[in-house]
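Notes follow the structure.
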Amino acid sequence: MGKKKINVSHIGRNPEEQLANLSPDSLIPLPCLHSTAENGPLITLPTEEQKLKYEYSLDGVCALGLTRPANKEGEEKWVRRFLDGLRKLLSRGGNWTFLQPLLLSLESCAKCQLCSEACPAYVASGRQEIYRPTFRAEVLRRIIKKYLKKGGKAFAKMTGEDIDLNWTTIARLAELAYRCTLCRRCAQVCPMGVDNALISREIRKLFSQELGIAPREIHEQGTVQQLKVGSTTGMTPPALHDIVAFIEEEIKEKTGRDIKIPMDKKDADVLLLHNAGEFMSWPESIEAFAILFDAANVNWTLSSELAGYDAVNYGIWYDDVQMTRVAVKHAEAARKLRVKKINVGECGHAHKAFIVVADRVLTGDLNIPRESVFPLLEALVMSGKIRLDPTKNNFPVTLHDPCNIVRLMGIVEPQRRILRKICPQFVEMEPHGVDNYCCGGGSGFAIMNSRNFKDWKVHVSGRMKLKQILEAFKDVLDPTIKKYVCAPCSNCKGQIRDLIDVYHLGQDYNIRYGGLVELVVNAMADIEKPFIEWESL
Amino acid sequence: MRDFVWLQVVSYLCGLVFVFGLAIRAYRYAKMPVHLRWDLHPMPSEEGRLHGRSQYEEPGWWQKPRQKNRIKEAFYIAKEIFFFKQVFKQNKGLWFFGYSLHLGFYLYMVWVLLLTFGAILEPGRSAGPGASPSPFGKVLDVLTLGVGVAGFVLGALGAIGLFVKRMTEENLRRYTSRLDYFNLLFIAAVFASGLWSWWSADRTFFFARRYLGSLVTWTRVFDIDTPTALHILLASAFVAYMPFTTMMHYVAKYFSFHNVRWDDEPSLRGSEIERKLQKVLNEKVSWSAPHIDPGGTWRDLTRSEKENLKRSVR
């Protein structure tokens with residue numbers, strides 16, 4: 001299907017028609033891909049039952065599972081509640097946390113559209129208008145002007161910036177806020193300093209904090225579960241002890257080393273905070289850290305305190321209250337153990353949330369030094385304490401830069417210096433570092449799989465990354481050559497796993513993925529068997 | 001002799017409105033509460049580091065002195081203000097007209113300053129439109145003439161070019177309101193009227209200089225030709241109008257860069273940031289979703305268990 005001419009004012013009109021129709025033909029082409037992944041419809045069509053029940057009217061994709069109100073009164077109630085939330089979002093008391101950044105972005109856009117070409121979702125989608133970074137921001141601006149300013153309705157008509165605020169607008173805007181990965185490439189190129197990703201996040205926040213609307217995977221199964229049972233994975237402290245015992249056995253089996261992973265050790269130098277997804281899906285990362293820290297005699301510990309063993313903080317993507325609650329729990333775990341500092345493991349958003357954003361909600365005895373694990377890893381690798389043999393990593397390796405770690409935090413070189421030292425065939429993706437492309441799983445997408453959302457994140461938001469991976473390995477695509485995408489972030493790994501799986505990159509090109517620390521341990525000279533088990537990747 | 005005191009009054013009032021509008025806007029941004037960090041890399045002030053690398057690359061970053069290179073930052077800002085580097089890098093077509101428009105404004109401001117200097121430094125020249133007798137005055141004349149005409153031409157070209165570009169390019173047209181078109185036409189009218197005034201009646205900018213001189217010295221002015229009067233009227237109206245439009249984005253831009261994008265000031269124990277936070281943490285969490293406890297404050301959310309225990313003992 002071809003592209004329709006969509007304007008901002010269409011957001012509240014024709015609820016029975018989708019604003020965008022995605023098809024394989026509309027997407028940007030990929031290099032050297034023989035996969036059949038794009039035969040047939042790009043996005044799984046909803047069943048009749050789903051179509052009747054949920055909102056698919058934005059682009060045929062449903063991330064939130066919103067249900068249309070039964071009658072006019074119900075619709076008016078939603079509109080009232082939305083406007084209440086919007087007033088709070090724009091007020092000092094309601095939103096001290098982001099008022100200044102939000103208002104600056106709302107009030108200074110020159111509508112030059114320079115940001116559009118920086119957005120991987122917009123470009124990869126074949127430039128669908130609704131994914132343009134300024135589209136959702138402009139929807140919000142027009143609602144504010146028309147419904148919250150004096151004389152707004154007459155002014156909107158006069159200037160031609162009219163917009164209808166109804167259920168369709170609310171539902172589409174809520175969905176649209178989840179078509180941005182918050183990678184902030186758009187903000188980086190804006191000459192005015194406007195941050196359309198922040199506007200997406202603030203829209204999400206309005207929906208969550210006022211209307212109670214957020215993706216189930218991020219809210220109920222995410223922050224709510226983490227605060228209640230300790231982890232977004234559902235892993236409780238007793239389950240953690242079992243898994244750690246299993247990991248110790250695995251280490252023994254792989255390396256012959258008897259390593260006791262320190263748990264709840266008081267006064268340690270380092271509290272290592274992993275994304276709990278690593279315990280469940282990528283235990284080799286936990287194993288590798290334990291092996292390396294043991295070999296380097298690091299005085300470290302894990303915590304089994306509630307939320308103290310799961311670095312994730314999904315609140316950063318949608319809700320300041322939940323973000324604060326989770327960050328406080330993390331700091332609380334460290335305070336109780338009296339550790340000297342906290343090192344955040346290979347998890348991008350946890351880096352940004354805990355080290356940077358939560359910096360201004362952690363005060364007094366919760367203000368404990370926090371840093372990334374990458375400088376520590378680099379110090380260990382470069383210290384000479386560990387004998388490393390780069391020939392053990394003699395296969396093509398490329399590095400995916402998690403947005404939260406590079407563009408949003410400025411940690412660019414430590415991971416590269418490590419790779420240059422231990423991976424003789426390390427090759428950069430282009431662009432990389434602070435100019436990188438998001439994996440497509442940012443801002444929660446990596447864990448969002450409800451209804452047909454996975455199709456969107458794999459085919460649209462992840463497409464640029466897929467293209468970059470294929471281009472990085474273009475000279476070594478021969479499937480007899482094993483290749484490694486180093487993605488030092490749990491959510492990025494999850495997304496890259498899905499990309500590899502859906503596009504058959506493992507079968508067709510022998511492209512695998514994993515973290516950074518696994519490569520370091522794989523290069524350790526005094527470990528006989530290769531640590532990286534290619535078959536399991 | 002026609003008395004133009006009404007135009008002088010209009011100019012004064014418009015100037016006052018501008019100063020007032022600018023001050024209000026800057027004050028509003030400056031007085032906003034401290035916010036959570038949302039910085040973005042690269043930052044030009046990162047001393048001794050390459051593209052985008054931050055303090056967080058250092059182990060134990062909080063124990064090390066933070067180095068900021070304000071000169072590098074100033075260079076970055078200057079390149080943005082005077083050359084529109086980001087826009088040039090990304091869209092040369094847009095840069096041509098956008099830069100032309102802004103350069104027009106910069107030259108116009110310089111022109112006004114030169115005229116004012118001329119009027120103050122050589123008050124005797126108000127007698128007639130002839131060339132200045134002094135060498136300094138002659139240089140000033142040439143400069144004023146070149147800068148003024150170039151400013152009018154570039155400003156009008158930029159405004160009209162952007163108007164046409166916004167009308168004809170779909171990705172711009174979709175997001176351009178009638179008000180945006182009006183603003184561009186208004187700007188074009190200001191510059192075009194300046195050009196008309198120069199071409200038709202004021203080739204040496206004698207009248208313009210005399211008018212600005214009269215504003216500075218609080219003296220009445222008589223006999224201004226129609227094109228010049230129209231230009232003064234339009235320029236004054238524009239000066240009063242601008243603070244209430246998105247054309248004041250340069251004020252927001254300062255805060256967007258310094259207070260958001262480049263604000264990487266950590267909240268270390270006992271720091272100024274921590275002091276400011278004590279104030280905002282008293283704010284009530286006023287949101288209504290089911291997972292938010294009604295009536296609580298941000299301080300309640302951020303207190304450690306130990307502090308909570310102390311409070312309950314009290």
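Convention: chains lettered A, B, ... in structure tokens order; per-chain residue numbering from 1; ligands numbered from 1 as shown.
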
Identify every residue of chain B that has at least one atom within 7 Å of any atom of chain A, counting only C-alpha atoms, and report the result as a ChimeraX atom specification.
/B:29,32-33,35-42,52-54,56-59,86-87,90,172,174-175,177-179,246,249,252-253,256-257,260,266-267,269,274,283-290,301-302,304

Can you list every residue in range 91-280 of chain A that DSSP puts in helix (DSSP H, G or I), as an MDAnalysis selection string?
chainID A and resid 99:107 116:118 120:124 129:131 133:148 152:159 167:176 185:189 196:211 219:229 237:255 276:280

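Residues surrounding Asp508 in chain A within 12 Å are Cys32, Leu33, His34, Ser35, Thr36, Leu470, Leu477, Asp478, Pro479, Thr480, Ile481, Lys482, Lys483, Ile500, Asp501, Val502, Tyr503, His504, Leu505, Gly506, Asn510, Ile511 and Arg512 of chain A [only C-alpha atoms; sequence separation below 2 positions excluded].
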
Within 9 Å of range 92-108 of chain B, which residues of range 142-239 of chain B come that close, and what is the closest atom pair and distance in Å for each? Count only C-alpha atoms and give it as a tab-separated table.
```
residue	atom	partner	partner_atom	distance
B:Val147	CA	B:Leu107	CA	5.8
B:Gly148	CA	B:Tyr108	CA	6.1
B:Val149	CA	B:Tyr108	CA	8.8
B:Ala150	CA	B:Gly104	CA	7.2
B:Gly151	CA	B:Gly104	CA	4.1
B:Phe152	CA	B:Gly104	CA	6.3
B:Val153	CA	B:Gly104	CA	7.3
B:Leu154	CA	B:Gly104	CA	4.9
B:Gly155	CA	B:Gly104	CA	4.0
B:Ala156	CA	B:Leu101	CA	7.0
B:Leu157	CA	B:Ser100	CA	6.9
B:Gly158	CA	B:Leu101	CA	4.0
B:Ala159	CA	B:Leu101	CA	5.8
B:Ile160	CA	B:Phe97	CA	8.3
B:Gly161	CA	B:Phe97	CA	5.6
B:Leu162	CA	B:Phe97	CA	5.9
B:Lys165	CA	B:Leu94	CA	8.1
B:Ile187	CA	B:Leu101	CA	8.9
B:Phe191	CA	B:Gly104	CA	8.3
```

Determine, counting only C-alpha atoms, which protein, DNA and RNA residues have an atom within 6 Å of an atom of Leu64 in chain A; residues of the same chain fewer than 2 positions away are not included. Present the result as a PyMOL selection string.
chain A and resi 62+66+215

Within 8 Å of range 163-180 of chain A, counting only C-alpha atoms, which residues show up once you throw out same-chain ones fewer than 4 positions away? Write them as number ranges by chain, please.
A: 8-13, 15, 55, 57-58, 62-64, 66, 68-69, 75-76, 78-79, 82, 121, 130-131, 133, 136, 139, 142-143, 146, 156, 197, 200-201, 203-204, 207, 443, 461

Leaving out Ala119 in chain B and any residue of its chain fewer than 6 positions from it, which residues lie within 7 Å of it when counting only C-alpha atoms, given as a ChimeraX atom specification?
/B:209-210,213

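For the atom pair formed by CA of Glu217 in chain A and CA of Met323 in chain A, the distance is 15.1 Å, given to one decimal.
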